[in-house]
$ cat target-v5.cif   # mmCIF, C-alpha atoms
data_entry
#
loop_
_atom_site.group_PDB
_atom_site.id
_atom_site.type_symbol
_atom_site.label_atom_id
_atom_site.label_comp_id
_atom_site.auth_asym_id
_atom_site.auth_seq_id
_atom_site.Cartn_x
_atom_site.Cartn_y
_atom_site.Cartn_z
ATOM 1 C CA MET A 2 10.128 30.203 -49.848
ATOM 2 C CA LYS A 3 8.778 26.751 -49.002
ATOM 3 C CA LYS A 4 12.274 25.667 -47.964
ATOM 4 C CA VAL A 5 12.592 28.654 -45.623
ATOM 5 C CA ILE A 6 9.224 27.912 -43.975
ATOM 6 C CA ALA A 7 10.060 24.200 -43.706
ATOM 7 C CA GLY A 8 13.428 25.137 -42.188
ATOM 8 C CA LEU A 9 11.788 27.441 -39.644
ATOM 9 C CA ILE A 10 9.250 24.798 -38.691
ATOM 10 C CA LEU A 11 12.029 22.247 -38.292
ATOM 11 C CA ALA A 12 14.057 24.662 -36.153
ATOM 12 C CA VAL A 13 11.042 25.358 -33.920
ATOM 13 C CA LEU A 14 10.324 21.642 -33.526
ATOM 14 C CA LEU A 15 13.946 20.848 -32.705
ATOM 15 C CA SER A 16 14.068 23.686 -30.205
ATOM 16 C CA PHE A 17 10.813 22.506 -28.613
ATOM 17 C CA ASN A 18 12.134 18.925 -28.453
ATOM 18 C CA GLN A 19 15.378 20.065 -26.774
ATOM 19 C CA ASN A 20 13.447 22.120 -24.224
ATOM 20 C CA LEU A 21 11.179 19.152 -23.559
ATOM 21 C CA MET A 22 14.160 16.837 -23.047
ATOM 22 C CA ALA A 23 15.842 19.369 -20.759
ATOM 23 C CA SER A 24 12.602 19.783 -18.826
ATOM 24 C CA GLU A 25 12.229 16.024 -18.410
ATOM 25 C CA GLU A 26 15.825 15.746 -17.239
ATOM 26 C CA THR A 27 15.350 18.432 -14.565
ATOM 27 C CA HIS A 28 12.069 16.761 -13.564
ATOM 28 C CA ARG A 29 13.947 13.456 -13.185
ATOM 29 C CA LYS A 30 16.699 15.096 -11.109
ATOM 30 C CA THR A 31 14.093 16.788 -8.914
ATOM 31 C CA THR A 32 12.344 13.431 -8.493
ATOM 32 C CA GLU A 33 15.588 11.788 -7.380
ATOM 33 C CA GLU A 34 16.150 14.574 -4.870
ATOM 34 C CA LEU A 35 12.578 14.267 -3.554
ATOM 35 C CA ILE A 36 12.971 10.512 -3.133
ATOM 36 C CA LYS A 37 16.137 11.136 -1.098
ATOM 37 C CA VAL A 38 14.521 13.852 1.033
ATOM 38 C CA LEU A 39 11.494 11.623 1.727
ATOM 39 C CA LYS A 40 13.782 8.676 2.532
ATOM 40 C CA VAL A 41 11.693 6.502 0.218
ATOM 41 C CA GLU A 42 14.462 3.919 -0.182
ATOM 42 C CA GLU A 43 14.786 3.474 3.583
ATOM 43 C CA MET A 44 11.036 3.218 4.087
ATOM 44 C CA GLU A 45 10.596 0.827 1.179
ATOM 45 C CA ASN A 46 13.402 -1.420 2.380
ATOM 46 C CA GLN A 47 11.567 -1.711 5.697
ATOM 47 C CA GLY A 48 8.351 -2.353 3.802
ATOM 48 C CA PHE A 49 10.058 -5.026 1.697
ATOM 49 C CA GLU A 50 11.100 -6.830 4.873
ATOM 50 C CA GLN A 51 7.515 -6.748 6.141
ATOM 51 C CA LEU A 52 6.243 -8.024 2.790
ATOM 52 C CA LYS A 53 8.784 -10.836 2.847
ATOM 53 C CA GLN A 54 7.692 -11.821 6.355
ATOM 54 C CA MET A 55 4.000 -11.758 5.386
ATOM 55 C CA PHE A 56 4.772 -13.839 2.305
ATOM 56 C CA MET A 57 6.699 -16.366 4.366
ATOM 57 C CA ASP A 58 3.889 -16.588 6.934
ATOM 58 C CA GLN A 59 1.433 -17.355 4.148
ATOM 59 C CA THR A 60 3.897 -19.781 2.584
ATOM 60 C CA ASP A 61 4.216 -21.629 5.896
ATOM 61 C CA GLN A 62 0.496 -22.356 5.782
ATOM 62 C CA MET A 63 0.669 -23.512 2.152
ATOM 63 C CA LEU A 64 3.682 -25.753 2.756
ATOM 64 C CA MET A 65 2.127 -27.529 5.743
ATOM 65 C CA SER A 66 0.637 -30.047 3.321
ATOM 66 C CA LEU A 67 4.133 -31.227 2.351
ATOM 67 C CA GLN A 68 4.622 -32.715 5.831
ATOM 68 C CA ASP A 69 8.331 -33.116 5.112
ATOM 69 C CA ASP A 70 10.676 -30.711 6.892
ATOM 70 C CA ALA A 71 13.395 -31.090 4.241
ATOM 71 C CA LYS A 72 10.960 -30.189 1.426
ATOM 72 C CA ILE A 73 9.470 -27.346 3.450
ATOM 73 C CA ASN A 74 12.905 -25.861 4.212
ATOM 74 C CA ALA A 75 14.040 -26.250 0.584
ATOM 75 C CA ALA A 76 10.894 -24.486 -0.662
ATOM 76 C CA LYS A 77 11.323 -21.674 1.885
ATOM 77 C CA GLU A 78 14.947 -21.141 0.890
ATOM 78 C CA LYS A 79 13.946 -21.021 -2.764
ATOM 79 C CA TYR A 80 11.194 -18.456 -2.070
ATOM 80 C CA ILE A 81 13.438 -16.331 0.137
ATOM 81 C CA GLY A 82 16.106 -16.339 -2.585
ATOM 82 C CA ILE A 83 13.604 -15.141 -5.189
ATOM 83 C CA LEU A 84 12.237 -12.443 -2.875
ATOM 84 C CA ASN A 85 15.702 -11.225 -1.910
ATOM 85 C CA LYS A 86 16.688 -11.025 -5.562
ATOM 86 C CA GLU A 87 13.539 -9.361 -6.898
ATOM 87 C CA LEU A 88 12.241 -7.230 -4.046
ATOM 88 C CA THR A 89 15.062 -4.695 -3.896
ATOM 89 C CA TRP A 90 15.301 -0.942 -4.199
ATOM 90 C CA THR A 91 17.676 -1.330 -7.154
ATOM 91 C CA ASN A 92 15.030 -3.285 -9.063
ATOM 92 C CA LEU A 93 12.135 -1.017 -8.147
ATOM 93 C CA LYS A 94 13.645 2.479 -8.042
ATOM 94 C CA SER A 95 12.826 3.247 -11.690
ATOM 95 C CA LYS A 96 9.184 2.324 -11.079
ATOM 96 C CA TYR A 97 9.040 4.676 -8.102
ATOM 97 C CA MET A 98 10.671 7.404 -10.176
ATOM 98 C CA GLU A 99 8.023 6.991 -12.884
ATOM 99 C CA LEU A 100 5.269 7.029 -10.274
ATOM 100 C CA TYR A 101 6.443 10.262 -8.643
ATOM 101 C CA MET A 102 7.022 11.921 -12.012
ATOM 102 C CA GLU A 103 3.531 10.946 -13.121
ATOM 103 C CA LEU A 104 1.829 12.188 -9.966
ATOM 104 C CA PHE A 105 3.760 15.402 -9.258
ATOM 105 C CA THR A 106 4.994 18.248 -11.388
ATOM 106 C CA GLU A 107 8.502 19.519 -10.833
ATOM 107 C CA GLU A 108 7.143 22.619 -9.079
ATOM 108 C CA GLU A 109 4.984 20.483 -6.762
ATOM 109 C CA MET A 110 8.008 18.368 -5.899
ATOM 110 C CA LYS A 111 9.994 21.467 -5.043
ATOM 111 C CA GLY A 112 7.207 22.605 -2.719
ATOM 112 C CA ILE A 113 7.030 19.186 -1.075
ATOM 113 C CA MET A 114 10.802 19.194 -0.585
ATOM 114 C CA ALA A 115 10.715 22.670 0.925
ATOM 115 C CA PHE A 116 8.250 21.424 3.518
ATOM 116 C CA TYR A 117 10.120 18.204 4.319
ATOM 117 C CA LYS A 118 13.419 20.064 4.640
ATOM 118 C CA SER A 119 11.832 22.469 7.148
ATOM 119 C CA PRO A 120 11.869 21.731 10.911
ATOM 120 C CA ALA A 121 8.134 20.945 10.796
ATOM 121 C CA GLY A 122 8.647 18.593 7.848
ATOM 122 C CA GLN A 123 11.541 16.851 9.592
ATOM 123 C CA LYS A 124 9.406 16.414 12.694
ATOM 124 C CA PHE A 125 6.558 15.037 10.583
ATOM 125 C CA MET A 126 8.895 12.478 8.977
ATOM 126 C CA GLU A 127 10.270 11.519 12.369
ATOM 127 C CA LYS A 128 6.768 10.960 13.771
ATOM 128 C CA THR A 129 5.218 9.308 10.694
ATOM 129 C CA PRO A 130 6.051 5.678 11.651
ATOM 130 C CA ASP A 131 4.493 6.156 15.092
ATOM 131 C CA LEU A 132 1.549 7.978 13.520
ATOM 132 C CA MET A 133 0.991 5.074 11.111
ATOM 133 C CA ASP A 134 1.254 2.450 13.891
ATOM 134 C CA ARG A 135 -1.190 4.282 16.107
ATOM 135 C CA SER A 136 -3.568 4.906 13.204
ATOM 136 C CA MET A 137 -3.566 1.174 12.476
ATOM 137 C CA GLN A 138 -4.302 0.444 16.132
ATOM 138 C CA ILE A 139 -7.254 2.843 16.079
ATOM 139 C CA GLY A 140 -8.575 1.201 12.911
ATOM 140 C CA GLU A 141 -8.130 -2.333 14.281
ATOM 141 C CA LYS A 142 -9.766 -1.445 17.596
ATOM 142 C CA THR A 143 -12.695 0.237 15.838
ATOM 143 C CA VAL A 144 -13.246 -2.755 13.551
ATOM 144 C CA SER A 145 -13.083 -5.127 16.548
ATOM 145 C CA GLU A 146 -15.691 -3.071 18.406
ATOM 146 C CA ILE A 147 -17.932 -3.019 15.329
ATOM 147 C CA MET A 148 -17.596 -6.790 14.925
ATOM 148 C CA LEU A 149 -18.540 -7.311 18.577
ATOM 149 C CA ARG A 150 -21.639 -5.129 18.121
ATOM 150 C CA ILE A 151 -22.586 -6.973 14.947
ATOM 151 C CA GLY A 152 -22.208 -10.305 16.728
ATOM 152 C CA SER A 153 -24.212 -9.033 19.679
ATOM 153 C CA ASP A 154 -26.972 -7.681 17.394
ATOM 154 C CA ASP A 155 -27.098 -10.998 15.514
ATOM 155 C CA ASN A 156 -27.390 -12.946 18.778
ATOM 156 C CA GLU A 157 -30.183 -10.719 20.037
ATOM 157 C CA LYS A 158 -31.987 -10.876 16.707
ATOM 158 C CA GLY A 159 -31.552 -14.644 16.559
ATOM 159 C CA GLY A 160 -33.091 -14.932 20.001
ATOM 160 C CA LYS A 161 -36.070 -12.767 19.004
ATOM 161 C CA ASP A 162 -36.571 -14.764 15.791
ATOM 162 C CA GLN A 163 -36.470 -17.955 17.788
ATOM 163 C CA GLN A 164 -39.035 -16.560 20.230
ATOM 164 C CA LYS A 165 -41.337 -15.640 17.342
ATOM 165 C CA ASN A 166 -41.156 -19.204 16.046
ATOM 166 C CA GLU A 167 -41.826 -20.701 19.458
ATOM 167 C CA MET A 168 -45.414 -20.965 20.547
ATOM 168 C CA PRO A 169 -46.146 -19.865 24.099
ATOM 169 C CA LYS A 170 -46.605 -22.842 26.446
ATOM 170 C CA ASP A 171 -50.206 -21.987 27.304
ATOM 171 C CA LYS A 172 -51.173 -21.953 23.590
ATOM 172 C CA MET A 173 -49.321 -25.244 23.022
ATOM 173 C CA HIS A 174 -51.256 -26.763 25.930
ATOM 174 C CA MET A 175 -54.570 -25.531 24.469
ATOM 175 C CA GLN A 176 -53.757 -27.015 21.035
ATOM 176 C CA ARG A 177 -52.947 -30.435 22.488
ATOM 177 C CA ASN A 178 -56.172 -30.506 24.420
ATOM 178 C CA LYS A 179 -58.344 -29.877 21.362
#
$ encode --input "target-v5.cif" --output "structure tokens"
Amino acid sequence: MKKVIAGLILAVLLSFNQNLMASEETHRKTTEELIKVLKVEEMENQGFEQLKQMFMDQTDQMLMSLQDDAKINAAKEKYIGILNKELTWTNLKSKYMELYMELFTEEEMKGIMAFYKSPAGQKFMEKTPDLMDRSMQIGEKTVSEIMLRIGSDDNEKGGKDQQKNEMPKDKMHMQRNK
């Protein structure tokens, strides 16, 4: 009897494990399809190029201290080689797959794909780069305006503080004459 129960438990566990593996495999396939529909590789490749450029701009500032064009160029070539080798879709795809699988269920991914395959979803994807650029411009402009106001408020406050510390001329005259 114990062997029968143990056998049944084992069969249930094996069945559950197979279903789990099959479920994970379909989740993985759905994730790959979602990544294609969202054009993640294309967008990330563009992002990688921007990251490389930002890195090189920062590197330029760091390398200025070398004051030797040959050393600067050699260092840049070395850094570019490392970035080109490491910062690729092939190297990072599995990490993106894990991320999407962690954040979205298979059913959620199917819903997302349904939207992005629709005319409205296609339009949204088409307009997203422009939307992002314009959103950044709004943010930058707003921060600039805030910084100007802060600077203006500080200047006005500094002037008032200075006036508080200054004694009116007529009182200064009276103190000298005492």
$ closest_residue --input "target-v5.cif" --among "A:Thr32, A:Gln51, A:Thr27, A:Ser153" --to "Glu99 (chain A)" --atoms "all atoms listed in the file"
A:Thr32
$ atom_distance --input "target-v5.cif" --atom1 "CA of Thr31 (chain A)" --atom2 "CA of Leu88 (chain A)"
24.6 Å
$ atom_distance --input "target-v5.cif" --atom1 "CA of Met57 (chain A)" --atom2 "CA of Thr89 (chain A)"
16.6 Å
$ residues_around --input "target-v5.cif" --residues "Leu64 (chain A)" --least-positions-apart "4" --cutoff "9 Å" --atoms "all atoms listed in the file" --output "list in words"
Gln59, Thr60, Gln68, Lys72, Ile73, Ala76 and Lys77 of chain A
$ closest_residue --input "target-v5.cif" --among "A:Phe105, A:Val38, A:Leu84, A:Ile151" --to "Ser119 (chain A)" --atoms "only C-alpha atoms"
A:Val38
$ residues_around --input "target-v5.cif" --residues "Leu93 (chain A)" --least-positions-apart "5" --cutoff "12 Å" --atoms "only C-alpha atoms" --output "MDAnalysis selection string"
chainID A and resid 41:42 45:46 49 86:88 98:100
$ closest_residue --input "target-v5.cif" --among "A:Met102, A:Ile36, A:Ala121, A:Val144" --to "Ser24 (chain A)" --atoms "only C-alpha atoms"
A:Met102
$ axis_aligned_box --input "target-v5.cif" --around "region 102-118 of chain A" --padding-each-side "5 Å" --output "lines of an AutoDock Vina configuration file"
center_x = 7.6
center_y = 16.8
center_z = -4.2
size_x = 21.6
size_y = 21.7
size_z = 27.8
$ atom_distance --input "target-v5.cif" --atom1 "CA of Gln62 (chain A)" --atom2 "CA of Gln47 (chain A)"
23.4 Å
$ build_atoms --input "target-v5.cif" --residues "region 25-54 of chain A" --atoms "N, CA and C atoms" --output "tab-separated table (two decimals), keeping the file's coordinate frame"
chain	number	residue	atom	x	y	z
A	25	GLU	N	12.38	17.37	-18.97
A	25	GLU	CA	12.23	16.02	-18.41
A	25	GLU	C	13.45	15.65	-17.56
A	26	GLU	N	14.61	16.04	-18.00
A	26	GLU	CA	15.82	15.75	-17.24
A	26	GLU	C	15.81	16.46	-15.88
A	27	THR	N	15.41	17.73	-15.86
A	27	THR	CA	15.35	18.43	-14.56
A	27	THR	C	14.24	17.84	-13.69
A	28	HIS	N	13.15	17.41	-14.31
A	28	HIS	CA	12.07	16.76	-13.56
A	28	HIS	C	12.59	15.46	-12.93
A	29	ARG	N	13.36	14.71	-13.69
A	29	ARG	CA	13.95	13.46	-13.18
A	29	ARG	C	14.91	13.74	-12.02
A	30	LYS	N	15.75	14.75	-12.18
A	30	LYS	CA	16.70	15.10	-11.11
A	30	LYS	C	15.95	15.56	-9.86
A	31	THR	N	14.90	16.33	-10.05
A	31	THR	CA	14.09	16.79	-8.91
A	31	THR	C	13.42	15.60	-8.24
A	32	THR	N	12.98	14.64	-9.04
A	32	THR	CA	12.34	13.43	-8.49
A	32	THR	C	13.34	12.65	-7.65
A	33	GLU	N	14.56	12.50	-8.15
A	33	GLU	CA	15.59	11.79	-7.38
A	33	GLU	C	15.85	12.49	-6.05
A	34	GLU	N	15.92	13.82	-6.10
A	34	GLU	CA	16.15	14.57	-4.87
A	34	GLU	C	14.98	14.40	-3.90
A	35	LEU	N	13.76	14.45	-4.41
A	35	LEU	CA	12.58	14.27	-3.55
A	35	LEU	C	12.59	12.89	-2.90
A	36	ILE	N	12.92	11.88	-3.67
A	36	ILE	CA	12.97	10.51	-3.13
A	36	ILE	C	14.01	10.41	-2.02
A	37	LYS	N	15.12	11.13	-2.16
A	37	LYS	CA	16.14	11.14	-1.10
A	37	LYS	C	15.63	11.88	0.13
A	38	VAL	N	15.02	13.05	-0.08
A	38	VAL	CA	14.52	13.85	1.03
A	38	VAL	C	13.45	13.08	1.81
A	39	LEU	N	12.58	12.37	1.09
A	39	LEU	CA	11.49	11.62	1.73
A	39	LEU	C	11.95	10.29	2.31
A	40	LYS	N	13.21	9.93	2.06
A	40	LYS	CA	13.78	8.68	2.53
A	40	LYS	C	12.96	7.48	2.05
A	41	VAL	N	12.53	7.56	0.80
A	41	VAL	CA	11.69	6.50	0.22
A	41	VAL	C	12.43	5.17	0.21
A	42	GLU	N	13.71	5.18	-0.14
A	42	GLU	CA	14.46	3.92	-0.18
A	42	GLU	C	14.47	3.25	1.19
A	43	GLU	N	14.74	4.02	2.22
A	43	GLU	CA	14.79	3.47	3.58
A	43	GLU	C	13.42	2.91	3.99
A	44	MET	N	12.37	3.67	3.72
A	44	MET	CA	11.04	3.22	4.09
A	44	MET	C	10.63	1.98	3.29
A	45	GLU	N	10.97	1.97	2.02
A	45	GLU	CA	10.60	0.83	1.18
A	45	GLU	C	11.37	-0.42	1.57
A	46	ASN	N	12.64	-0.26	1.93
A	46	ASN	CA	13.40	-1.42	2.38
A	46	ASN	C	12.77	-2.03	3.63
A	47	GLN	N	12.28	-1.20	4.53
A	47	GLN	CA	11.57	-1.71	5.70
A	47	GLN	C	10.27	-2.39	5.26
A	48	GLY	N	9.59	-1.77	4.33
A	48	GLY	CA	8.35	-2.35	3.80
A	48	GLY	C	8.61	-3.68	3.11
A	49	PHE	N	9.72	-3.78	2.38
A	49	PHE	CA	10.06	-5.03	1.70
A	49	PHE	C	10.24	-6.14	2.73
A	50	GLU	N	10.90	-5.81	3.83
A	50	GLU	CA	11.10	-6.83	4.87
A	50	GLU	C	9.75	-7.30	5.45
A	51	GLN	N	8.84	-6.37	5.65
A	51	GLN	CA	7.52	-6.75	6.14
A	51	GLN	C	6.78	-7.60	5.11
A	52	LEU	N	6.88	-7.23	3.84
A	52	LEU	CA	6.24	-8.02	2.79
A	52	LEU	C	6.82	-9.43	2.73
A	53	LYS	N	8.14	-9.52	2.86
A	53	LYS	CA	8.78	-10.84	2.85
A	53	LYS	C	8.27	-11.69	4.01
A	54	GLN	N	8.16	-11.08	5.19
A	54	GLN	CA	7.69	-11.82	6.36
A	54	GLN	C	6.24	-12.27	6.16
